$ cat upload_35.txt   # compact mmCIF, C-alpha atoms and all ligand atoms
# COMPACT_ATOMS: atom_id res chain seq x y z
CA MET A 1 0.00 0.00 0.00
CA ASN A 2 1.42 3.35 -0.95
CA MET A 3 0.86 6.99 -0.26
CA GLU A 4 -1.69 7.25 -3.07
CA HIS A 5 -3.86 4.70 -1.34
CA TYR A 6 -4.03 6.70 1.90
CA ILE A 7 -4.50 10.01 0.11
CA GLN A 8 -7.52 8.35 -1.47
CA ARG A 9 -8.75 7.00 1.88
CA PHE A 10 -8.32 10.34 3.66
CA ALA A 11 -10.13 12.13 0.82
CA SER A 12 -13.15 9.84 0.93
CA LEU A 13 -14.03 9.51 4.61
CA ASN A 14 -17.61 8.59 5.21
CA ALA A 15 -19.17 11.55 7.05
CA ASN A 16 -22.74 12.58 7.78
CA LYS A 17 -23.97 15.05 5.13
CA ASN A 18 -26.66 17.45 6.22
CA ARG A 19 -27.00 21.02 4.99
CA LYS A 20 -29.16 21.97 7.96
CA THR A 21 -26.76 20.78 10.66
CA TRP A 22 -23.41 21.42 9.00
CA THR A 23 -22.48 24.76 7.46
CA ALA A 24 -20.44 25.52 4.35
CA VAL A 25 -17.36 25.90 6.59
CA THR A 26 -17.30 22.12 6.98
CA THR A 27 -18.55 21.54 3.41
CA HIS A 28 -21.98 20.59 4.85
CA ARG A 29 -20.50 17.47 6.41
CA ALA A 30 -19.83 16.33 9.98
CA PRO A 31 -16.19 17.37 10.64
CA HIS A 32 -15.50 14.81 13.39
CA LYS A 33 -13.36 12.34 11.49
CA PRO A 34 -11.08 14.80 9.67
CA LEU A 35 -10.64 16.82 12.89
CA LEU A 36 -9.69 13.73 14.89
CA LEU A 37 -7.17 12.79 12.19
CA LEU A 38 -5.68 16.31 12.35
CA ALA A 39 -5.28 15.89 16.13
CA VAL A 40 -3.66 12.48 15.58
CA LEU A 41 -1.23 14.05 13.08
CA ASP A 42 -0.28 16.50 15.84
CA LEU A 43 0.54 13.62 18.19
CA PHE A 44 2.85 12.19 15.52
CA ALA A 45 4.39 15.62 14.95
CA GLN A 46 5.23 16.01 18.65
CA GLY A 47 6.79 12.55 18.73
CA SER A 48 4.25 11.10 21.16
CA LEU A 49 3.49 7.96 19.17
CA SER A 50 6.56 5.78 19.45
CA THR A 51 4.39 2.70 19.03
CA ASN A 52 1.43 2.11 16.75
CA LEU A 53 -1.25 2.75 19.38
CA ILE A 54 -3.41 5.87 19.57
CA GLU A 55 -4.89 6.13 23.04
CA PRO A 56 -8.04 8.13 23.81
CA THR A 57 -6.20 10.51 26.18
CA GLY A 58 -7.14 13.93 27.56
CA GLU A 59 -4.36 15.34 25.40
CA LEU A 60 -5.97 14.03 22.22
CA VAL A 61 -9.35 15.36 23.40
CA GLU A 62 -7.84 18.79 23.92
CA LEU A 63 -6.17 18.87 20.50
CA PHE A 64 -9.43 17.76 18.84
CA GLY A 65 -11.22 20.55 20.76
CA PHE A 66 -8.87 23.25 19.45
CA TYR A 67 -9.70 22.29 15.87
CA TRP A 68 -13.37 21.86 16.61
CA HIS A 69 -13.65 25.44 17.92
CA LYS A 70 -12.18 26.73 14.67
CA VAL A 71 -15.08 25.35 12.65
CA ARG A 72 -18.09 25.20 14.97
CA PRO A 73 -19.81 27.82 17.18
CA PRO A 74 -18.51 28.12 20.78
CA SER A 75 -21.82 26.89 22.17
CA GLN A 76 -21.38 23.54 20.47
CA ARG A 77 -18.90 21.06 21.88
CA GLY A 78 -17.56 18.29 19.75
CA ASN A 79 -17.53 14.78 21.12
CA ILE A 80 -14.39 12.89 20.13
CA THR A 81 -15.94 9.56 21.11
CA TYR A 82 -17.90 9.33 17.85
CA PRO A 83 -14.99 9.61 15.43
CA PHE A 84 -12.73 7.54 17.68
CA TYR A 85 -15.27 4.74 17.42
CA TYR A 86 -16.58 5.20 13.89
CA LEU A 87 -13.22 5.64 12.16
CA GLN A 88 -12.94 1.85 12.31
CA SER A 89 -15.35 1.69 9.37
CA GLU A 90 -12.67 3.37 7.20
CA GLY A 91 -10.53 0.26 7.16
CA PHE A 92 -7.22 1.74 8.40
CA TRP A 93 -8.21 2.39 12.06
CA HIS A 94 -8.49 -0.72 14.24
CA LEU A 95 -9.82 -0.64 17.81
CA LEU A 96 -7.86 -2.90 20.14
CA PRO A 97 -9.94 -4.31 23.00
CA HIS A 98 -8.38 -4.96 26.40
CA PRO A 99 -7.96 -8.70 26.91
CA GLY A 100 -11.37 -10.14 27.80
CA GLN A 101 -13.27 -7.08 26.49
CA GLU A 102 -13.80 -8.33 22.93
CA VAL A 103 -17.51 -8.98 23.47
CA ALA A 104 -18.01 -5.69 25.33
CA LEU A 105 -16.60 -3.89 22.30
CA THR A 106 -19.08 -5.51 19.97
CA VAL A 107 -22.02 -4.19 22.02
CA TYR A 108 -20.48 -0.79 22.86
CA ARG A 109 -22.18 2.30 21.39
CA PRO A 110 -20.41 5.69 21.36
CA ASN A 111 -23.20 7.56 23.15
CA ALA A 112 -21.84 5.78 26.26
CA GLY A 113 -18.89 8.22 26.12
CA LEU A 114 -15.12 8.13 26.00
CA ALA A 115 -14.54 6.87 29.55
CA ALA A 116 -16.68 3.80 28.81
CA LEU A 117 -14.76 3.25 25.57
CA SER A 118 -11.41 3.60 27.40
CA ALA A 119 -12.56 0.89 29.81
CA ILE A 120 -12.85 -1.63 26.98
CA ILE A 121 -10.14 -0.62 24.53
CA LEU A 122 -6.41 0.06 24.75
CA GLY A 123 -6.71 2.41 21.81
CA ALA A 124 -6.63 2.34 18.03
CA ARG A 125 -3.95 0.79 15.86
CA LEU A 126 -3.38 2.11 12.35
CA ASP A 127 -2.50 0.03 9.32
CA ASP A 128 1.25 -0.56 9.63
CA ASP A 129 1.84 1.16 6.28
CA LEU A 130 -0.10 4.22 7.37
CA TYR A 131 1.72 4.30 10.70
CA ALA A 132 5.06 4.28 8.87
CA LEU A 133 3.90 7.08 6.57
CA LEU A 134 2.74 9.25 9.48
CA CYS A 135 6.10 8.93 11.22
CA ALA A 136 7.59 10.97 8.36
CA SER A 137 6.90 14.71 8.33
CA ASP A 138 6.62 15.07 4.54
CA SER A 139 3.87 12.46 4.19
CA ARG A 140 2.16 13.89 7.28
CA ASP A 141 2.10 17.29 5.64
CA VAL A 142 0.58 15.88 2.46
CA LEU A 143 -2.17 14.07 4.37
CA ARG A 144 -2.84 17.11 6.55
CA ARG A 145 -3.43 19.17 3.42
CA VAL A 146 -5.69 16.50 1.95
CA LEU A 147 -7.88 16.61 5.07
CA ILE A 148 -7.99 20.39 5.23
CA GLU A 149 -8.62 20.92 1.53
CA THR A 150 -11.22 18.17 1.21
CA TYR A 151 -13.44 18.85 4.21
CA PHE A 152 -13.12 22.57 4.93
CA ALA A 153 -13.98 25.76 3.07
CA PRO A 154 -11.10 27.81 1.60
CA GLU A 155 -11.52 30.68 4.08
CA ILE A 156 -10.89 28.45 7.10
CA ARG A 157 -7.96 26.40 5.76
CA ALA A 158 -5.15 28.75 6.75
CA SER A 159 -6.46 28.91 10.29
CA LEU A 160 -6.58 25.10 10.56
CA LEU A 161 -3.02 24.83 9.28
CA GLU A 162 -1.98 27.50 11.76
CA GLN A 163 -3.65 25.58 14.61
CA GLY A 164 -1.42 22.60 13.83
CA GLU A 165 1.63 24.86 14.02
CA ILE A 166 0.44 26.37 17.33
CA ASN A 167 -0.16 22.91 18.78
CA ALA A 168 3.33 21.77 17.83
CA ALA A 169 4.96 24.92 19.21
CA ALA A 170 2.89 24.78 22.42
CA TYR A 171 3.91 21.18 23.03
CA GLU A 172 7.55 22.10 22.54
CA TYR A 173 7.13 25.07 24.90
CA SER A 174 5.49 22.91 27.59
CA GLN A 175 8.36 20.40 27.38
CA GLU A 176 10.86 23.22 27.62
CA LEU A 177 9.11 24.65 30.70
CA LEU A 178 9.11 21.28 32.47
CA ALA A 179 12.73 20.58 31.53
CA LYS A 180 13.92 24.00 32.70
CA ALA A 181 12.15 23.56 36.04
CA HIS A 182 14.40 20.55 36.59
CA THR A 183 17.68 22.03 35.48
CA ILE A 184 17.43 25.62 36.73
CA LEU A 185 16.99 25.28 40.44
CA LYS A 186 16.72 28.85 41.53
CA GLU A 187 14.05 31.23 40.51
CA VAL A 188 14.83 32.96 37.27
CA ALA A 189 11.99 35.08 36.00
CA GLU A 190 12.58 34.21 32.41
CA ASP A 191 10.68 36.63 30.24
CA SER A 192 8.36 34.75 27.92
CA SER A 193 6.76 37.84 26.38
CA THR A 194 8.36 37.27 22.97
CA ILE A 195 6.39 34.02 22.53
CA PRO A 196 2.98 34.38 20.79
CA THR A 197 0.11 34.26 23.29
CA PRO A 198 -1.73 31.19 21.91
CA ILE A 199 1.49 29.15 22.14
CA ARG A 200 2.31 30.44 25.63
CA ASP A 201 -1.19 29.88 26.98
CA GLN A 202 -1.50 26.38 25.64
CA GLY A 203 2.08 25.43 26.52
CA PHE A 204 1.81 26.64 30.13
CA ARG A 205 -1.54 24.93 30.50
CA ARG A 206 -0.27 21.63 29.16
CA ALA A 207 2.75 21.71 31.49
CA ILE A 208 0.65 22.47 34.58
CA VAL A 209 -2.27 20.14 33.92
CA ARG A 210 0.19 17.34 33.24
CA ALA A 211 2.28 18.08 36.36
CA TYR A 212 -0.81 18.08 38.59
CA ASP A 213 -2.51 15.25 36.69
CA HIS A 214 -5.79 17.18 36.37
CA ARG A 215 -6.12 17.59 40.16
CA CYS A 216 -7.00 20.91 41.84
CA ALA A 217 -4.13 21.90 44.18
CA ILE A 218 -6.54 23.31 46.78
CA CYS A 219 -9.67 21.15 46.93
CA GLY A 220 -8.37 18.01 45.23
CA VAL A 221 -11.18 17.80 42.74
CA ARG A 222 -10.19 15.73 39.74
CA ILE A 223 -13.00 15.38 37.25
CA LEU A 224 -12.61 14.28 33.68
CA THR A 225 -15.98 14.14 31.98
CA ALA A 226 -17.07 11.17 29.93
CA ASP A 227 -15.91 13.21 26.93
CA GLY A 228 -12.49 13.89 28.42
CA HIS A 229 -12.98 17.51 29.52
CA THR A 230 -11.05 18.46 32.67
CA ALA A 231 -12.24 20.54 35.65
CA VAL A 232 -8.91 22.28 36.19
CA ALA A 233 -7.21 25.22 34.56
CA ALA A 234 -3.62 26.41 34.85
CA ALA A 235 -3.26 29.46 37.09
CA HIS A 236 -0.22 31.73 37.44
CA ILE A 237 0.61 32.49 41.10
CA ILE A 238 2.18 35.83 40.22
CA PRO A 239 -0.01 36.81 37.24
CA TRP A 240 1.69 36.63 33.89
CA SER A 241 0.93 40.32 33.28
CA ILE A 242 3.24 41.13 36.21
CA SER A 243 5.79 38.32 36.20
CA HIS A 244 5.99 37.31 32.50
CA ASN A 245 7.03 34.01 34.04
CA ASP A 246 5.61 30.71 32.78
CA ASP A 247 7.84 28.54 34.96
CA PRO A 248 5.59 25.68 36.19
CA ARG A 249 6.77 26.63 39.70
CA ASN A 250 4.92 29.92 39.25
CA GLY A 251 1.75 27.94 38.53
CA LEU A 252 -0.96 25.80 40.06
CA ALA A 253 -3.70 23.58 38.65
CA LEU A 254 -6.96 24.89 40.09
CA CYS A 255 -10.63 24.13 39.52
CA HIS A 256 -12.80 27.08 38.57
CA LEU A 257 -14.05 27.90 42.09
CA CYS A 258 -10.60 27.56 43.68
CA HIS A 259 -9.07 29.60 40.86
CA TRP A 260 -11.50 32.41 41.58
CA THR A 261 -11.04 32.29 45.36
CA PHE A 262 -7.24 32.25 44.90
CA ASP A 263 -7.26 35.20 42.46
CA GLU A 264 -9.63 37.11 44.79
CA GLY A 265 -7.24 36.60 47.69
CA LEU A 266 -9.69 34.52 49.73
CA VAL A 267 -7.23 31.62 50.00
CA THR A 268 -3.44 31.39 49.86
CA PHE A 269 -0.65 29.13 51.12
CA THR A 270 1.74 29.28 54.06
CA ASP A 271 5.50 28.76 53.67
CA GLN A 272 4.82 25.15 54.65
CA TYR A 273 2.47 24.80 51.66
CA GLN A 274 -0.66 24.68 53.78
CA VAL A 275 -3.91 26.29 52.70
CA LYS A 276 -4.71 29.53 54.54
CA THR A 277 -8.21 30.94 54.32
CA SER A 278 -9.16 34.60 54.62
CA PRO A 279 -11.42 35.83 57.45
CA GLN A 280 -13.41 37.52 54.67
CA LEU A 281 -14.68 34.11 53.62
CA ALA A 282 -16.59 33.77 56.88
CA SER A 283 -17.86 37.34 57.11
CA THR A 284 -21.52 38.14 56.63
CA PRO A 285 -23.35 37.62 54.34
CA ASN A 286 -21.17 34.77 53.07
CA LEU A 287 -21.92 31.10 53.21
CA PRO A 288 -18.46 29.82 52.32
CA GLY A 289 -19.53 26.20 52.54
CA HIS A 290 -16.74 23.69 52.06
CA LEU A 291 -14.10 26.37 51.34
CA LEU A 292 -13.39 26.96 55.05
CA THR A 293 -12.66 23.29 55.59
CA PHE A 294 -9.52 23.60 53.43
CA ALA A 295 -7.70 25.68 56.08
CA GLY A 296 -4.55 23.89 57.21
CA ARG A 297 -4.73 21.23 54.53
CA PRO A 298 -1.58 20.60 52.51
CA LEU A 299 -1.24 21.85 48.96
CA LEU A 300 -2.09 18.93 46.70
CA GLY A 301 1.07 19.30 44.70
CA PRO A 302 2.50 17.73 41.63
CA ALA A 303 3.77 14.16 41.94
CA ASP A 304 7.16 15.55 40.97
CA GLU A 305 8.26 17.64 43.97
CA ALA A 306 10.71 19.61 41.83
CA LEU A 307 7.68 21.30 40.29
CA ARG A 308 6.22 22.61 43.57
CA PRO A 309 5.55 26.36 43.65
CA PHE A 310 8.41 28.78 44.27
CA PRO A 311 8.34 29.98 47.90
CA ASP A 312 8.83 33.52 46.60
CA SER A 313 5.75 33.27 44.36
CA ILE A 314 3.66 32.03 47.29
CA ARG A 315 4.98 34.85 49.51
CA TRP A 316 4.18 37.39 46.82
CA HIS A 317 0.59 36.10 46.63
CA ARG A 318 0.21 36.19 50.40
CA LYS A 319 1.49 39.77 50.56
CA GLU A 320 -0.08 41.29 47.44
CA VAL A 321 -3.33 39.40 46.87
CA PHE A 322 -4.43 37.61 50.02
CA HIS A 323 -6.88 39.37 52.36
CA GLY A 324 -5.47 38.59 55.80
CA ARG A 325 -8.34 40.36 57.47
ZN ZN B 401 -10.64 23.29 43.61

$ encode --input "upload_35.txt" --output "structure tokens" --more "lines below"
Ligand SMILES: [Zn+2]
Amino acid sequence: MNMEHYIQRFASLNANKNRKTWTAVTTHRAPHKPLLLLAVLDLFAQGSLSTNLIEPTGELVELFGFYWHKVRPPSQRGNITYPFYYLQSEGFWHLLPHPGQEVALTVYRPNAGLAALSAIILGARLDDDLYALLCASDSRDVLRRVLIETYFAPEIRASLLEQGEINAAAYEYSQELLAKAHTILKEVAEDSSTIPTPIRDQGFRRAIVRAYDHRCAICGVRILTADGHTAVAAAHIIPWSISHNDDPRNGLALCHLCHWTFDEGLVTFTDQYQVKTSPQLASTPNLPGHLLTFAGRPLLGPADEALRPFPDSIRWHRKEVFHGR
């Protein structure tokens, strides 16, 4: 099987056609399969697929989501489960059940969600020939163009190509941030302001969410929805606008409520990395609920202790943001 064969396959994916549901931007077709394949190409580009197994990870979900938001309105979320499951009908994408889950896979339906699919499959294996082609950047580029030019309107193509470039650069940036945090021990406020914002934002976020494994550093919430969406965001301790510092040790993974309470100065940390709550939380007319119970609890830090917050960043937050009374 040669390149021509897969160009042909990629150009003739079976996708739902419906002029009412799907706009001209996606050539009046469901964009799920081509968008998932674009996200998979990004995993190859960042060198994450050293074996022929594509796992339904949060990272893949996030990459798929970036593309999805380029072509669909913000109110509509794309569900990666459908293309991950239905691509098997294209002949080059093979779902691999966990041992003993073969029967479960035959009765699985994608409306059960990604978590249920992950419970019965290891992932998807590509045709060996296709896997070999995708390991090479020139054939990846050809197939990326085939997807973009076949399934998307001319006015959106440049932005989809650019998203692939942003994703690659953001991955590289996140790796750099994590590596630097291990080699440069003392705090160096390295100015990241020359890096384009979309790359910085995504790179910082990927580094933090990975370091904290999707767990909120204050309340411990760790929720990944059935579709792979995470409850946590990456927060700067000293805001980027002041510090220009994306070092993971100037960051925390926080859920939305904890992020807000932290930015409002209603919680902070002691030098011993314990949660400290503000008296303002308990003042009338507040009903702070579970937030007060976090006082004195340890910061739920990254598994890798080298990535724990800088003491100076924590002190800055306590002095400049926290309401001590
Ligand atoms: Zn939280």

$ residues_around --input "upload_35.txt" --residues "segment 155-161 of chain A" --least-positions-apart "5" --cutoff "8 Å" --atoms "only C-alpha atoms" --output "PyMOL selection string"
chain A and resi 25+67+70-71+148-149

$ residues_around --input "upload_35.txt" --residues "segment 46-51 of chain A" --least-positions-apart "6" --cutoff "8 Å" --atoms "all atoms listed in the file" --output "number ranges by chain"
A: 168, 171-172

$ closest_residue --input "upload_35.txt" --among "A:Pro31, A:Gly65, A:Leu178, A:Asn245" --to "Thr194 of chain A" --atoms "all atoms listed in the file"
A:Asn245

$ atom_distance --input "upload_35.txt" --atom1 "atom CA of Asn250 of chain A" --atom2 "atom CA of Val267 of chain A"
16.3 Å

$ residues_near_ligand --input "upload_35.txt" --ligand "ligand ZN 401 (chain B)" --cutoff "7 Å" --atoms "all atoms listed in the file" --output "JSON, numbers by chain"
{"A": [216, 217, 218, 219, 220, 221, 254, 255, 256, 257, 258]}

$ atom_distance --input "upload_35.txt" --atom1 "atom CA of Ile314 of chain A" --atom2 "atom CA of Thr270 of chain A"
7.6 Å

$ atom_distance --input "upload_35.txt" --atom1 "atom CA of Leu95 of chain A" --atom2 "atom CA of Ala124 of chain A"
4.4 Å

$ residues_near_point --input "upload_35.txt" --point "(4.0, 41.3, 37.9)" --cutoff "12 Å" --atoms "only C-alpha atoms" --output "list in words"
Ala189, Asp191, His236, Ile237, Ile238, Pro239, Trp240, Ser241, Ile242, Ser243, His244, Asn245, Asp246, Asn250, Ser313, Trp316, His317, Glu320 and Val321 of chain A

$ axis_aligned_box --input "upload_35.txt" --around "segment 256-262 of chain A" --padding-each-side "8 Å" --output "lines of an AutoDock Vina configuration file"
center_x = -10.6
center_y = 29.7
center_z = 42.0
size_x = 22.8
size_y = 21.3
size_z = 22.8

$ closest_residue --input "upload_35.txt" --among "A:Gly251, A:Gly265, A:Gly301, A:Pro73" --to "Arg215 of chain A" --atoms "all atoms listed in the file"
A:Gly301

$ closest_residue --input "upload_35.txt" --among "A:Ser12, A:Gln272, A:Gln163, A:Asn2" --to "Leu41 of chain A" --atoms "only C-alpha atoms"
A:Gln163

$ closest_residue --input "upload_35.txt" --among "A:Gly228, A:Gln88, A:Ile120, A:Ala104" --to "Leu60 of chain A" --atoms "all atoms listed in the file"
A:Gly228

$ residues_around --input "upload_35.txt" --residues "Leu307 of chain A" --least-positions-apart "3" --cutoff "8 Å" --atoms "only C-alpha atoms" --output "PDB file with C-alpha atoms, in the coordinates of the input"
ATOM      1  CA  LEU A 178       9.110  21.280  32.470  1.00  0.00           C
ATOM      2  CA  ALA A 181      12.150  23.560  36.040  1.00  0.00           C
ATOM      3  CA  HIS A 182      14.400  20.550  36.590  1.00  0.00           C
ATOM      4  CA  ALA A 211       2.280  18.080  36.360  1.00  0.00           C
ATOM      5  CA  PRO A 248       5.590  25.680  36.190  1.00  0.00           C
ATOM      6  CA  ARG A 249       6.770  26.630  39.700  1.00  0.00           C
ATOM      7  CA  PRO A 302       2.500  17.730  41.630  1.00  0.00           C
ATOM      8  CA  ASP A 304       7.160  15.550  40.970  1.00  0.00           C
TER       9      ASP A 304
END

$ closest_residue --input "upload_35.txt" --among "A:Tyr131, A:Tyr212, A:Phe269, A:Phe92" --to "Phe294 of chain A" --atoms "only C-alpha atoms"
A:Phe269

$ closest_residue --input "upload_35.txt" --among "A:Arg9, A:Asp247, A:His259, A:Ala119" --to "Thr183 of chain A" --atoms "only C-alpha atoms"
A:Asp247

$ residues_near_point --input "upload_35.txt" --point "(3.4, 14.7, 7.2)" --cutoff "12 Å" --atoms "all atoms listed in the file" --output "PyMOL selection string"
chain A and resi 3+7+37-38+40-46+130-147+164
